[in-house]
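Beneath this line is the structure, given in structure tokens, with notes to follow.
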Protein chains: 2
Amino acid sequence: MTRRSTPPSSARARHPKGATPTTRSLYDLVVHELGQRIIGGSLKPGELLPREELLAEQLKVSRTALREGMKVLSAKGLVESRTKVGTRVRDARAWQQLDADVLAWRCELMPTEDFVRKLAEMRELVEPGAAAAAAKQRTYEQLRHIDEAYAAMDAAVDLEAWAAADLAFHEAVLNATNNELMISLFTVIESALSTFFVLSARTAKNFKAALPAHGKVLEAIRRSDPEAARLAMLAVVEESRANMQKGRASEN
Amino acid sequence: MTRRSTPPSSARARHPKGATPTTRSLYDLVVHELGQRIIGGSLKPGELLPREELLAEQLKVSRTALREGMKVLSAKGLVESRTKVGTRVRDARAWQQLDADVLAWRCELMPTEDFVRKLAEMRELVEPGAAAAAAKQRTYEQLRHIDEAYAAMDAAVDLEAWAAADLAFHEAVLNATNNELMISLFTVIESALSTFFVLSARTAKNFKAALPAHGKVLEAIRRSDPEAARLAMLAVVEESRANMQKGRASEN
DNA sequence: CAACTCAATTTATACTACTATATAGCCGTG
DNA sequence: CACGGCTATATAGTAGTATAAATTGAGTTG
């Protein structure tokens, strides 16, 4: 890797902050830099940022690369460019809150208890509903996948194997809804939440505690009982949230 | 050159509502053109599209404008560019399904019964959950806004006024969740759904039919009863979906 | 003196031509 | 056969210039 594409400005390319992404392309760098400034609040809504030429100079990129990044930011609803007036940071209500990057930046820059609550709330909305939908319309094949994931959870010998099987279980349930909108929402929420509890090692000693709760979900889906599936899945995610909060609490 | 495609700024919609890509900027044109081709299926996942120079020529734009558009498409998960290999259409599972544009293109290009079902399913997931959350934590101020919207629905004298008040009601409920993720999801789903039932004029004669159902939602939120609010809102959206399907059925 | 017109100015938008860099595929050598 | 370098070709990035649009204010007119 080691991007040697920028010989003139040496001290770039080394991103000491996040363990994130080396080898970013330039426009991606622009997107992340400005995106994080906006989400983080150092660039406030309504604020007019420097004109292209100046901003490009400040970020050490060409105007072209800057503009490519701006288009992406504009697509995410973070900025708005108008001729003569300049590029303005848009109000938070225009942001595409469900965009993967926007969500990731919020996780990174505003990891407040409140935001975790909102994410958990979304999860507790999606997953029980998905379980109910899955119970309603799952095919035999889809049920088999859920079953296999459950078996893998049961057979897991360490935390890592369990976490993988757990994710597979939830994905299998979501898949059985045949609704890619729901799958997409789940994916986005899940990946945001996972930045917090990072394989909470403190549950390691008894990582299979959630197995029976998952079993109830499986059984409800097997016998095509939507309401039971909804309640069972609700129990799963509520238990998961409780664990996560406990983890975060002992962390601080 | 030949930039006479967008001389007048007259037909500029003050409401970025409909899918009217007239008088768009060039990169926006590229985004829409290729985005629609991909979503519509004439460009299939895995397919390698022509190299920049050729594609720019085909679309009658410069390479720069093309690349700006490509960055946006790449941010939406529709394409993936790699040096030497070219730009490849990504698999549907990588698409940001909840992106406003992606959703709009799907509405426009795949208006199947099945897709409407998925949207309705999402709505029936979000809104009851939101109503319950609102009942749990609404402030007095937020309740007042819901109340006002309800009063406006009651006072509506024509379909247009009722539709506006109806939207305001649902927005007020969503706002009371204090969860911008949920608000964003609602907004996106709602605007996608609204492309279908286009102010269904066939319900014009008795457009206030849903008023009592909304009243139950309001009352449940007023007395902070989450479960009642959930059920009442569920009734509202199910009734709405039934109307919509009836409308679509009589349309074809 | 108010209102209207119009041009100057500023800024984003768009184009062309060019350089830099990365990598798939090939080719030669051990 | 494997390994290492060569090359062709694609995207990534830069520089400079021209165009269009909108704000501003000066100038003109009722």
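Every chain in the structure tokens takes a letter, A first, then B, and so on in the order presented; its residues are numbered from 1, and the ligands are numbered from 1 following the presented order.
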Enumerate as number ranges by chain the residues belonging to chain C that approach chain B to within 12 Å, with only C-alpha atoms (C1' of nucleotides) taken into account. C: 12-17, 21-25
Include C-alpha atoms (C1' of nucleotides) and write out the residues we just selected as a CSV table (one decimal), in the first residue's frame.
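Writing done, so here's again-v2.csv:
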```
chain,number,residue,atom,x,y,z
C,12,DA,C1',-19.7,27.5,-9.4
C,13,DT,C1',-19.9,24.8,-13.7
C,14,DA,C1',-17.8,22.6,-17.6
C,15,DC,C1',-14.3,21.6,-21.0
C,16,DT,C1',-9.6,20.3,-22.9
C,17,DA,C1',-5.2,18.5,-22.5
C,21,DT,C1',0.1,5.9,-10.7
C,22,DA,C1',-1.5,1.3,-10.3
C,23,DT,C1',-2.2,-3.2,-12.0
C,24,DA,C1',-3.5,-7.3,-15.2
C,25,DG,C1',-1.3,-9.8,-18.3
```
For DT5 in chain C: contacts at 12 Å, only C-alpha atoms (C1' of nucleotides), fewer than 5 positions along chain excluded, given as a PyMOL selection string: chain D and resi 25-29
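Within 9 Å of chain B, counting only C-alpha atoms (C1' of nucleotides), chain D contributes DT9, DA10, DT11, DA12 and DA20 of chain D.
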Written selection (N, CA and C atoms (P, O5', C5', C4', C3', O3' and C1' of nucleotides)) as a tab-separated table (two decimals), in the first residue's frame:
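part-v8.tsv was written with the following content:
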```tsv
chain	number	residue	atom	x	y	z
D	9	DT	P	-2.59	-1.06	-25.18
D	9	DT	O5'	-3.43	-0.70	-23.88
D	9	DT	C5'	-3.95	-1.75	-23.07
D	9	DT	C4'	-4.59	-1.17	-21.83
D	9	DT	C3'	-5.42	0.09	-22.10
D	9	DT	O3'	-6.61	0.02	-21.34
D	9	DT	C1'	-3.90	0.49	-20.38
D	10	DA	P	-8.00	0.56	-21.98
D	10	DA	O5'	-8.79	1.10	-20.72
D	10	DA	C5'	-9.16	0.20	-19.66
D	10	DA	C4'	-8.80	0.80	-18.32
D	10	DA	C3'	-9.35	2.19	-18.03
D	10	DA	O3'	-10.63	2.09	-17.42
D	10	DA	C1'	-7.10	1.95	-17.27
D	11	DT	P	-11.44	3.48	-17.12
D	11	DT	O5'	-10.87	3.94	-15.71
D	11	DT	C5'	-11.05	3.13	-14.56
D	11	DT	C4'	-10.13	3.60	-13.45
D	11	DT	C3'	-10.57	4.88	-12.74
D	11	DT	O3'	-10.36	4.72	-11.34
D	11	DT	C1'	-8.39	5.15	-13.55
D	12	DA	P	-10.72	5.89	-10.31
D	12	DA	O5'	-9.36	6.70	-10.19
D	12	DA	C5'	-8.31	6.16	-9.41
D	12	DA	C4'	-7.28	7.24	-9.09
D	12	DA	C3'	-7.87	8.53	-8.54
D	12	DA	O3'	-7.06	8.97	-7.45
D	12	DA	C1'	-6.60	9.01	-10.49
D	20	DA	P	-22.60	30.09	-22.14
D	20	DA	O5'	-23.31	29.95	-20.73
D	20	DA	C5'	-23.30	28.68	-20.06
D	20	DA	C4'	-23.80	28.83	-18.65
D	20	DA	C3'	-24.98	29.79	-18.49
D	20	DA	O3'	-25.85	29.25	-17.51
D	20	DA	C1'	-23.20	30.52	-17.14
```
Pick out the chain B residues within 10 Å of chain A. Count only C-alpha atoms. Give them as number ranges by chain. B: 27-28, 64-65, 67-76, 92-101, 103, 114-115, 117-119, 121-122, 124-130, 133, 177-185, 188-189
I need the residues from that last selection saved to file as a PDB file, in the first residue's frame (with C-alpha atoms), if you can.
```
ATOM      1  CA  TYR B  27     -23.013  15.551 -13.588  1.00  0.00           C
ATOM      2  CA  ASP B  28     -26.501  15.171 -12.214  1.00  0.00           C
ATOM      3  CA  THR B  64     -14.504  15.547 -15.798  1.00  0.00           C
ATOM      4  CA  ALA B  65     -18.273  15.717 -15.581  1.00  0.00           C
ATOM      5  CA  ARG B  67     -16.083  11.332 -13.234  1.00  0.00           C
ATOM      6  CA  GLU B  68     -17.933  13.645 -10.883  1.00  0.00           C
ATOM      7  CA  GLY B  69     -21.036  11.644 -11.600  1.00  0.00           C
ATOM      8  CA  MET B  70     -19.188   8.375 -11.158  1.00  0.00           C
ATOM      9  CA  LYS B  71     -18.078   9.368  -7.687  1.00  0.00           C
ATOM     10  CA  VAL B  72     -21.673   9.920  -6.710  1.00  0.00           C
ATOM     11  CA  LEU B  73     -22.769   6.612  -8.195  1.00  0.00           C
ATOM     12  CA  SER B  74     -19.928   4.942  -6.389  1.00  0.00           C
ATOM     13  CA  ALA B  75     -21.059   6.546  -3.126  1.00  0.00           C
ATOM     14  CA  LYS B  76     -24.510   5.096  -3.733  1.00  0.00           C
ATOM     15  CA  ALA B  92     -27.693  -5.216  -6.051  1.00  0.00           C
ATOM     16  CA  ARG B  93     -26.858  -6.150  -2.483  1.00  0.00           C
ATOM     17  CA  ALA B  94     -24.251  -3.412  -2.383  1.00  0.00           C
ATOM     18  CA  TRP B  95     -26.683  -0.711  -3.458  1.00  0.00           C
ATOM     19  CA  GLN B  96     -27.672   1.809  -0.848  1.00  0.00           C
ATOM     20  CA  GLN B  97     -31.304   0.816  -1.081  1.00  0.00           C
ATOM     21  CA  LEU B  98     -32.378   3.556   1.284  1.00  0.00           C
ATOM     22  CA  ASP B  99     -30.748   6.304  -0.745  1.00  0.00           C
ATOM     23  CA  ALA B 100     -33.389   8.744  -1.902  1.00  0.00           C
ATOM     24  CA  ASP B 101     -32.327   8.590  -5.530  1.00  0.00           C
ATOM     25  CA  LEU B 103     -35.455   4.515  -4.165  1.00  0.00           C
ATOM     26  CA  ASP B 114     -44.163  -6.360  -5.155  1.00  0.00           C
ATOM     27  CA  PHE B 115     -42.126  -3.238  -4.599  1.00  0.00           C
ATOM     28  CA  ARG B 117     -45.657  -4.148  -0.896  1.00  0.00           C
ATOM     29  CA  LYS B 118     -42.114  -3.757   0.395  1.00  0.00           C
ATOM     30  CA  LEU B 119     -42.526  -0.031   0.841  1.00  0.00           C
ATOM     31  CA  GLU B 121     -44.236  -3.098   4.824  1.00  0.00           C
ATOM     32  CA  MET B 122     -41.558  -0.621   5.823  1.00  0.00           C
ATOM     33  CA  GLU B 124     -46.119  -0.375   8.693  1.00  0.00           C
ATOM     34  CA  LEU B 125     -42.949  -1.092  10.558  1.00  0.00           C
ATOM     35  CA  VAL B 126     -41.890   2.486  11.166  1.00  0.00           C
ATOM     36  CA  GLU B 127     -45.043   4.371  11.908  1.00  0.00           C
ATOM     37  CA  PRO B 128     -46.578   2.204  14.626  1.00  0.00           C
ATOM     38  CA  GLY B 129     -43.198   1.997  16.309  1.00  0.00           C
ATOM     39  CA  ALA B 130     -42.831   5.734  16.038  1.00  0.00           C
ATOM     40  CA  ALA B 133     -42.115   5.910  20.995  1.00  0.00           C
ATOM     41  CA  THR B 177     -39.751  10.383  18.740  1.00  0.00           C
ATOM     42  CA  ASN B 178     -36.724  12.665  18.924  1.00  0.00           C
ATOM     43  CA  ASN B 179     -35.033  10.161  16.666  1.00  0.00           C
ATOM     44  CA  GLU B 180     -33.751  11.656  13.444  1.00  0.00           C
ATOM     45  CA  LEU B 181     -32.911   8.208  12.105  1.00  0.00           C
ATOM     46  CA  MET B 182     -36.560   7.309  12.288  1.00  0.00           C
ATOM     47  CA  ILE B 183     -37.565  10.638  10.817  1.00  0.00           C
ATOM     48  CA  SER B 184     -35.169  10.135   7.945  1.00  0.00           C
ATOM     49  CA  LEU B 185     -36.465   6.649   7.274  1.00  0.00           C
ATOM     50  CA  VAL B 188     -37.610   8.463   2.488  1.00  0.00           C
ATOM     51  CA  ILE B 189     -40.346   5.830   2.565  1.00  0.00           C
TER      52      ILE B 189
END
```
Would you superpose chain B on chain A, least squares on all C-alpha atoms in order, and hand back the fitted chain as a compact mmCIF listing (two decimals) with C-alpha atoms, in the first residue's frame?
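See out-v2.txt below for the written result:
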```
# COMPACT_ATOMS: atom_id res chain seq x y z
CA MET B 1 2.13 18.12 -5.81
CA THR B 2 3.52 16.81 -2.57
CA ARG B 3 1.57 13.67 -3.13
CA ARG B 4 3.66 11.59 -0.85
CA SER B 5 0.88 11.17 1.61
CA THR B 6 -0.17 7.86 0.15
CA PRO B 7 2.79 5.92 -1.11
CA PRO B 8 2.23 2.52 0.46
CA SER B 9 -0.75 0.39 -0.31
CA SER B 10 0.27 -1.94 2.45
CA ALA B 11 -2.01 -0.82 5.24
CA ARG B 12 -5.04 -1.18 3.06
CA ALA B 13 -7.79 -2.77 5.08
CA ARG B 14 -9.29 -5.70 3.25
CA HIS B 15 -12.40 -5.08 5.28
CA PRO B 16 -13.73 -1.55 4.90
CA LYS B 17 -14.70 -1.79 8.50
CA GLY B 18 -13.32 0.75 10.85
CA ALA B 19 -13.00 4.47 10.49
CA THR B 20 -9.43 4.35 9.32
CA PRO B 21 -9.15 6.98 6.63
CA THR B 22 -5.52 6.22 6.04
CA THR B 23 -4.33 5.76 2.47
CA ARG B 24 -7.54 7.15 1.11
CA SER B 25 -7.68 8.90 -2.18
CA LEU B 26 -7.60 12.65 -2.09
CA TYR B 27 -11.23 13.37 -2.80
CA ASP B 28 -12.11 10.83 -0.16
CA LEU B 29 -9.90 12.75 2.20
CA VAL B 30 -11.76 15.93 1.35
CA VAL B 31 -15.11 14.21 1.87
CA HIS B 32 -14.08 12.87 5.25
CA GLU B 33 -12.41 16.04 6.43
CA LEU B 34 -15.29 18.35 5.58
CA GLY B 35 -17.93 15.77 6.41
CA GLN B 36 -16.52 15.34 9.88
CA ARG B 37 -16.23 19.07 10.38
CA ILE B 38 -19.87 19.49 9.46
CA ILE B 39 -21.20 16.57 11.47
CA GLY B 40 -18.91 17.46 14.33
CA GLY B 41 -20.31 20.95 14.36
CA SER B 42 -17.20 23.02 13.74
CA LEU B 43 -18.86 23.99 10.48
CA LYS B 44 -22.37 25.02 11.30
CA PRO B 45 -25.48 24.86 9.12
CA GLY B 46 -26.02 28.02 7.19
CA GLU B 47 -22.34 28.79 7.27
CA LEU B 48 -20.71 29.75 4.02
CA LEU B 49 -17.41 28.03 3.52
CA PRO B 50 -14.45 29.60 1.76
CA ARG B 51 -14.58 29.73 -1.96
CA GLU B 52 -13.18 26.82 -3.89
CA GLU B 53 -9.78 28.30 -4.55
CA LEU B 54 -9.11 29.17 -0.92
CA LEU B 55 -10.56 25.96 0.46
CA ALA B 56 -8.53 23.88 -1.95
CA GLU B 57 -5.44 25.69 -0.78
CA GLN B 58 -6.31 25.14 2.86
CA LEU B 59 -6.85 21.43 2.37
CA LYS B 60 -3.72 21.16 0.26
CA VAL B 61 -5.54 19.72 -2.72
CA SER B 62 -6.32 20.96 -6.18
CA ARG B 63 -9.61 22.56 -7.03
CA THR B 64 -10.54 19.49 -9.07
CA ALA B 65 -10.15 17.11 -6.17
CA LEU B 66 -12.02 19.50 -3.93
CA ARG B 67 -14.92 19.69 -6.32
CA GLU B 68 -15.13 15.93 -6.67
CA GLY B 69 -15.41 15.75 -2.93
CA MET B 70 -17.98 18.52 -2.85
CA LYS B 71 -20.22 16.63 -5.23
CA VAL B 72 -20.21 13.69 -2.87
CA LEU B 73 -20.93 15.88 0.14
CA SER B 74 -23.71 17.50 -1.80
CA ALA B 75 -25.15 14.08 -2.62
CA LYS B 76 -25.14 13.30 1.09
CA GLY B 77 -27.11 16.47 1.68
CA LEU B 78 -24.41 18.12 3.76
CA VAL B 79 -23.69 21.10 1.54
CA GLU B 80 -25.33 23.03 -1.23
CA SER B 81 -23.45 24.90 -3.90
CA ARG B 82 -24.84 27.81 -5.79
CA THR B 83 -23.04 29.85 -8.31
CA LYS B 84 -22.06 33.29 -7.20
CA VAL B 85 -23.21 32.63 -3.65
CA GLY B 86 -20.80 29.89 -2.72
CA THR B 87 -21.11 26.59 -0.91
CA ARG B 88 -23.26 26.57 2.16
CA VAL B 89 -23.59 23.98 4.90
CA ARG B 90 -27.11 22.64 4.86
CA ASP B 91 -29.39 22.24 7.79
CA ALA B 92 -29.23 18.95 9.65
CA ARG B 93 -32.69 18.01 8.47
CA ALA B 94 -31.42 17.80 4.91
CA TRP B 95 -28.63 15.39 5.78
CA GLN B 96 -29.02 11.85 4.55
CA GLN B 97 -29.00 10.49 8.07
CA LEU B 98 -29.05 6.91 6.87
CA ASP B 99 -25.98 7.33 4.69
CA ALA B 100 -23.27 4.99 5.88
CA ASP B 101 -20.65 7.71 6.11
CA VAL B 102 -22.89 10.22 7.84
CA LEU B 103 -23.82 7.60 10.37
CA ALA B 104 -20.21 6.59 10.90
CA TRP B 105 -19.18 10.19 11.46
CA ARG B 106 -21.93 10.68 13.97
CA CYS B 107 -20.81 7.57 15.80
CA GLU B 108 -17.28 8.83 15.83
CA LEU B 109 -17.97 12.44 16.74
CA MET B 110 -21.12 12.36 18.80
CA PRO B 111 -20.99 9.10 20.70
CA THR B 112 -23.52 10.31 23.16
CA GLU B 113 -25.77 8.06 25.15
CA ASP B 114 -28.62 9.68 23.32
CA PHE B 115 -27.40 8.67 19.91
CA VAL B 116 -26.85 5.09 20.97
CA ARG B 117 -30.42 5.12 22.21
CA LYS B 118 -31.63 6.20 18.78
CA LEU B 119 -29.66 3.48 17.06
CA ALA B 120 -30.92 0.86 19.46
CA GLU B 121 -34.44 2.12 18.93
CA MET B 122 -34.03 1.62 15.20
CA ARG B 123 -32.70 -1.85 15.70
CA GLU B 124 -35.58 -2.75 17.97
CA LEU B 125 -37.86 -1.53 15.26
CA VAL B 126 -36.28 -3.41 12.38
CA GLU B 127 -35.33 -6.77 13.75
CA PRO B 128 -38.59 -7.86 15.36
CA GLY B 129 -40.45 -6.73 12.27
CA ALA B 130 -38.00 -8.61 10.11
CA ALA B 131 -38.40 -11.74 12.21
CA ALA B 132 -42.15 -11.55 11.82
CA ALA B 133 -41.87 -11.07 8.07
CA ALA B 134 -39.40 -13.94 7.88
CA ALA B 135 -41.80 -16.21 9.75
CA LYS B 136 -44.49 -15.26 7.30
CA GLN B 137 -42.70 -15.92 4.04
CA ARG B 138 -39.42 -17.75 4.60
CA THR B 139 -38.57 -20.48 2.14
CA TYR B 140 -37.27 -23.80 3.28
CA GLU B 141 -33.82 -22.87 2.02
CA GLN B 142 -33.81 -19.65 4.03
CA LEU B 143 -34.90 -21.49 7.15
CA ARG B 144 -32.02 -23.86 6.65
CA HIS B 145 -29.56 -20.96 6.62
CA ILE B 146 -30.97 -19.61 9.88
CA ASP B 147 -30.78 -23.08 11.31
CA GLU B 148 -27.15 -23.45 10.30
CA ALA B 149 -26.25 -20.10 11.84
CA TYR B 150 -27.94 -21.15 15.05
CA ALA B 151 -26.01 -24.41 15.06
CA ALA B 152 -22.80 -22.44 14.61
CA MET B 153 -23.72 -20.25 17.58
CA ASP B 154 -24.33 -23.34 19.63
CA ALA B 155 -21.03 -24.85 18.57
CA ALA B 156 -18.98 -21.69 19.10
CA VAL B 157 -15.99 -22.25 21.35
CA ASP B 158 -14.83 -18.67 21.75
CA LEU B 159 -16.23 -15.15 21.63
CA GLU B 160 -15.01 -14.48 18.13
CA ALA B 161 -16.70 -17.52 16.64
CA TRP B 162 -19.87 -16.70 18.52
CA ALA B 163 -19.92 -13.10 17.28
CA ALA B 164 -19.53 -14.25 13.69
CA ALA B 165 -22.28 -16.83 14.02
CA ASP B 166 -24.51 -14.28 15.78
CA LEU B 167 -24.13 -11.83 12.91
CA ALA B 168 -24.78 -14.63 10.43
CA PHE B 169 -27.96 -15.54 12.29
CA HIS B 170 -29.36 -12.04 12.14
CA GLU B 171 -28.34 -11.67 8.51
CA ALA B 172 -30.04 -14.93 7.66
CA VAL B 173 -33.25 -13.76 9.31
CA LEU B 174 -33.10 -10.46 7.46
CA ASN B 175 -32.44 -12.26 4.20
CA ALA B 176 -35.58 -14.30 4.69
CA THR B 177 -37.66 -11.14 4.46
CA ASN B 178 -36.78 -10.87 0.78
CA ASN B 179 -36.75 -7.14 1.33
CA GLU B 180 -33.47 -5.51 0.42
CA LEU B 181 -34.62 -2.21 1.89
CA MET B 182 -34.87 -3.87 5.26
CA ILE B 183 -31.57 -5.62 4.76
CA SER B 184 -29.92 -2.35 3.87
CA LEU B 185 -31.36 -0.63 6.91
CA PHE B 186 -30.23 -3.46 9.14
CA THR B 187 -26.73 -3.42 7.70
CA VAL B 188 -26.36 0.29 8.23
CA ILE B 189 -27.70 0.26 11.79
CA GLU B 190 -25.73 -2.81 12.71
CA SER B 191 -22.43 -1.45 11.46
CA ALA B 192 -23.03 1.80 13.31
CA LEU B 193 -23.85 0.01 16.53
CA SER B 194 -20.87 -2.27 16.18
CA THR B 195 -18.56 0.72 16.45
CA PHE B 196 -19.63 1.01 20.07
CA PHE B 197 -19.64 -2.37 21.66
CA VAL B 198 -16.43 -3.47 19.91
CA LEU B 199 -16.72 -7.12 20.73
CA SER B 200 -17.44 -6.36 24.34
CA ALA B 201 -14.89 -8.60 25.97
CA ARG B 202 -16.52 -8.22 29.33
CA THR B 203 -19.24 -10.61 28.34
CA ALA B 204 -16.61 -13.09 27.33
CA LYS B 205 -17.04 -15.37 30.27
CA ASN B 206 -20.59 -16.23 29.37
CA PHE B 207 -20.95 -15.21 25.79
CA LYS B 208 -23.56 -17.86 25.02
CA ALA B 209 -26.12 -16.36 27.35
CA ALA B 210 -28.27 -15.21 24.44
CA LEU B 211 -28.47 -18.65 22.85
CA PRO B 212 -31.88 -19.71 24.20
CA ALA B 213 -33.41 -16.39 23.17
CA HIS B 214 -32.14 -16.96 19.63
CA GLY B 215 -33.49 -20.46 19.76
CA LYS B 216 -36.98 -19.13 20.38
CA VAL B 217 -36.67 -16.92 17.32
CA LEU B 218 -35.59 -19.86 15.23
CA GLU B 219 -38.43 -22.06 16.42
CA ALA B 220 -41.04 -19.37 15.82
CA ILE B 221 -39.78 -18.85 12.29
CA ARG B 222 -39.66 -22.61 11.76
CA ARG B 223 -43.32 -23.02 12.64
CA SER B 224 -44.23 -19.82 10.73
CA ASP B 225 -45.55 -17.93 13.73
CA PRO B 226 -44.98 -14.21 13.00
CA GLU B 227 -46.11 -12.84 16.34
CA ALA B 228 -44.03 -15.29 18.35
CA ALA B 229 -41.04 -14.51 16.12
CA ARG B 230 -41.54 -10.79 16.67
CA LEU B 231 -41.65 -11.15 20.44
CA ALA B 232 -38.73 -13.55 20.57
CA MET B 233 -36.57 -11.24 18.47
CA LEU B 234 -37.61 -8.28 20.56
CA ALA B 235 -36.35 -10.12 23.62
CA VAL B 236 -33.05 -10.78 21.86
CA VAL B 237 -32.38 -7.17 20.90
CA GLU B 238 -33.51 -5.82 24.26
CA GLU B 239 -31.17 -8.17 26.02
CA SER B 240 -28.42 -7.13 23.64
CA ARG B 241 -29.02 -3.46 24.37
CA ALA B 242 -28.95 -4.07 28.08
CA ASN B 243 -25.59 -5.79 27.74
CA MET B 244 -24.27 -3.00 25.61
CA GLN B 245 -25.30 -0.33 28.07
CA LYS B 246 -23.74 -2.29 30.88
CA GLY B 247 -20.55 -2.50 28.84
CA ARG B 248 -20.51 1.21 28.11
CA ALA B 249 -21.29 2.04 31.70
CA SER B 250 -18.36 0.05 33.03
CA GLU B 251 -16.19 1.59 30.34
CA ASN B 252 -16.56 5.09 31.70
```
Mind checking DSSP for range 18-204 of chain A and telling me the strand (DSSP E) residues as number ranges by chain? A: 48-49, 79-82, 86-89
Same residues, N, CA and C atoms, saved as a short mmCIF file (atom, residue, chain, number, x, y, z; two decimals), in the first residue's frame:
```
data_model
loop_
_atom_site.label_atom_id
_atom_site.label_comp_id
_atom_site.auth_asym_id
_atom_site.auth_seq_id
_atom_site.Cartn_x
_atom_site.Cartn_y
_atom_site.Cartn_z
N LEU A 48 -20.89 29.20 5.26
CA LEU A 48 -20.42 29.23 3.88
C LEU A 48 -18.96 28.85 3.90
N LEU A 49 -18.60 27.78 3.21
CA LEU A 49 -17.19 27.43 3.24
C LEU A 49 -16.43 28.11 2.13
N VAL A 79 -23.98 19.30 1.98
CA VAL A 79 -23.71 20.64 1.47
C VAL A 79 -24.59 20.94 0.26
N GLU A 80 -24.58 22.16 -0.11
CA GLU A 80 -25.39 22.63 -1.22
C GLU A 80 -24.62 23.72 -1.93
N SER A 81 -24.38 23.53 -3.20
CA SER A 81 -23.59 24.51 -3.95
C SER A 81 -24.47 25.35 -4.85
N ARG A 82 -24.26 26.63 -4.80
CA ARG A 82 -24.99 27.50 -5.72
C ARG A 82 -24.04 28.51 -6.32
N GLY A 86 -21.76 30.33 -3.46
CA GLY A 86 -20.79 29.46 -2.83
C GLY A 86 -21.38 28.15 -2.36
N THR A 87 -20.62 27.42 -1.56
CA THR A 87 -21.09 26.14 -1.05
C THR A 87 -21.40 26.27 0.43
N ARG A 88 -22.62 25.90 0.76
CA ARG A 88 -23.13 26.12 2.10
C ARG A 88 -23.39 24.79 2.79
N VAL A 89 -23.10 24.72 4.06
CA VAL A 89 -23.41 23.52 4.84
C VAL A 89 -24.91 23.49 5.09
#
```
Taking the backbone alone, and naming residues the way the document does, which bits of range 68-156 of chain A are helix (DSSP H, G or I) by DSSP, as an NGL selection string? :A and (68-75 or 92-94 or 100-109 or 113-137 or 140-155)
Generate a file of the selected residues that holds C-alpha atoms, formatted as a CSV table (one decimal), in the first residue's frame.
```
chain,number,residue,atom,x,y,z
A,68,GLU,CA,-15.5,15.3,-7.0
A,69,GLY,CA,-15.7,15.1,-3.3
A,70,MET,CA,-18.2,17.9,-3.1
A,71,LYS,CA,-20.6,16.1,-5.4
A,72,VAL,CA,-20.5,13.2,-3.0
A,73,LEU,CA,-21.1,15.4,0.0
A,74,SER,CA,-23.9,17.0,-1.9
A,75,ALA,CA,-25.4,13.6,-2.6
A,92,ALA,CA,-29.0,18.6,9.8
A,93,ARG,CA,-32.5,17.7,8.7
A,94,ALA,CA,-31.4,17.5,5.1
A,100,ALA,CA,-23.5,4.5,5.8
A,101,ASP,CA,-20.8,7.2,5.9
A,102,VAL,CA,-22.9,9.7,7.7
A,103,LEU,CA,-23.8,7.1,10.3
A,104,ALA,CA,-20.2,6.0,10.7
A,105,TRP,CA,-19.1,9.6,11.3
A,106,ARG,CA,-21.8,10.1,13.9
A,107,CYS,CA,-20.7,7.0,15.6
A,108,GLU,CA,-17.1,8.2,15.6
A,109,LEU,CA,-17.7,11.8,16.5
A,113,GLU,CA,-25.4,7.6,25.1
A,114,ASP,CA,-28.3,9.3,23.4
A,115,PHE,CA,-27.2,8.3,19.9
A,116,VAL,CA,-26.7,4.7,21.0
A,117,ARG,CA,-30.2,4.8,22.3
A,118,LYS,CA,-31.5,5.9,18.9
A,119,LEU,CA,-29.7,3.2,17.1
A,120,ALA,CA,-31.0,0.6,19.6
A,121,GLU,CA,-34.4,1.9,19.1
A,122,MET,CA,-34.1,1.4,15.4
A,123,ARG,CA,-32.9,-2.1,15.8
A,124,GLU,CA,-35.8,-2.9,18.2
A,125,LEU,CA,-38.1,-1.6,15.5
A,126,VAL,CA,-36.6,-3.5,12.6
A,127,GLU,CA,-35.7,-6.9,13.9
A,128,PRO,CA,-39.0,-7.9,15.6
A,129,GLY,CA,-40.9,-6.7,12.6
A,130,ALA,CA,-38.6,-8.7,10.3
A,131,ALA,CA,-39.0,-11.8,12.5
A,132,ALA,CA,-42.8,-11.4,12.1
A,133,ALA,CA,-42.6,-11.0,8.4
A,134,ALA,CA,-40.2,-13.9,8.1
A,135,ALA,CA,-42.7,-16.1,10.0
A,136,LYS,CA,-45.4,-15.0,7.7
A,137,GLN,CA,-43.7,-15.7,4.4
A,140,TYR,CA,-38.6,-23.8,3.4
A,141,GLU,CA,-35.1,-23.0,2.1
A,142,GLN,CA,-34.9,-19.8,4.1
A,143,LEU,CA,-36.0,-21.6,7.3
A,144,ARG,CA,-33.3,-24.1,6.7
A,145,HIS,CA,-30.7,-21.3,6.6
A,146,ILE,CA,-32.0,-19.9,9.9
A,147,ASP,CA,-31.9,-23.4,11.3
A,148,GLU,CA,-28.3,-23.9,10.2
A,149,ALA,CA,-27.2,-20.6,11.8
A,150,TYR,CA,-28.9,-21.6,15.0
A,151,ALA,CA,-27.1,-24.9,15.0
A,152,ALA,CA,-23.8,-23.1,14.5
A,153,MET,CA,-24.6,-20.9,17.5
A,154,ASP,CA,-25.3,-23.9,19.5
A,155,ALA,CA,-22.1,-25.6,18.3
```
Please measure the separation of C1' of DG28 in chain C and C1' of DT7 in chain D, giving the value in Å to one decimal. 13.1 Å
Residue contacts of DC18 in chain C (12 Å, only C-alpha atoms (C1' of nucleotides)) excluding same-chain residues fewer than 3 positions away, as a tab-separated table (two decimals) with C-alpha atoms (C1' of nucleotides), in the first residue's frame:
```tsv
chain	number	residue	atom	x	y	z
D	13	DG	C1'	-5.23	13.52	-10.32
D	14	DT	C1'	-3.62	18.29	-12.14
D	15	DA	C1'	-3.59	22.84	-14.72
D	16	DG	C1'	-5.59	26.26	-17.16
```
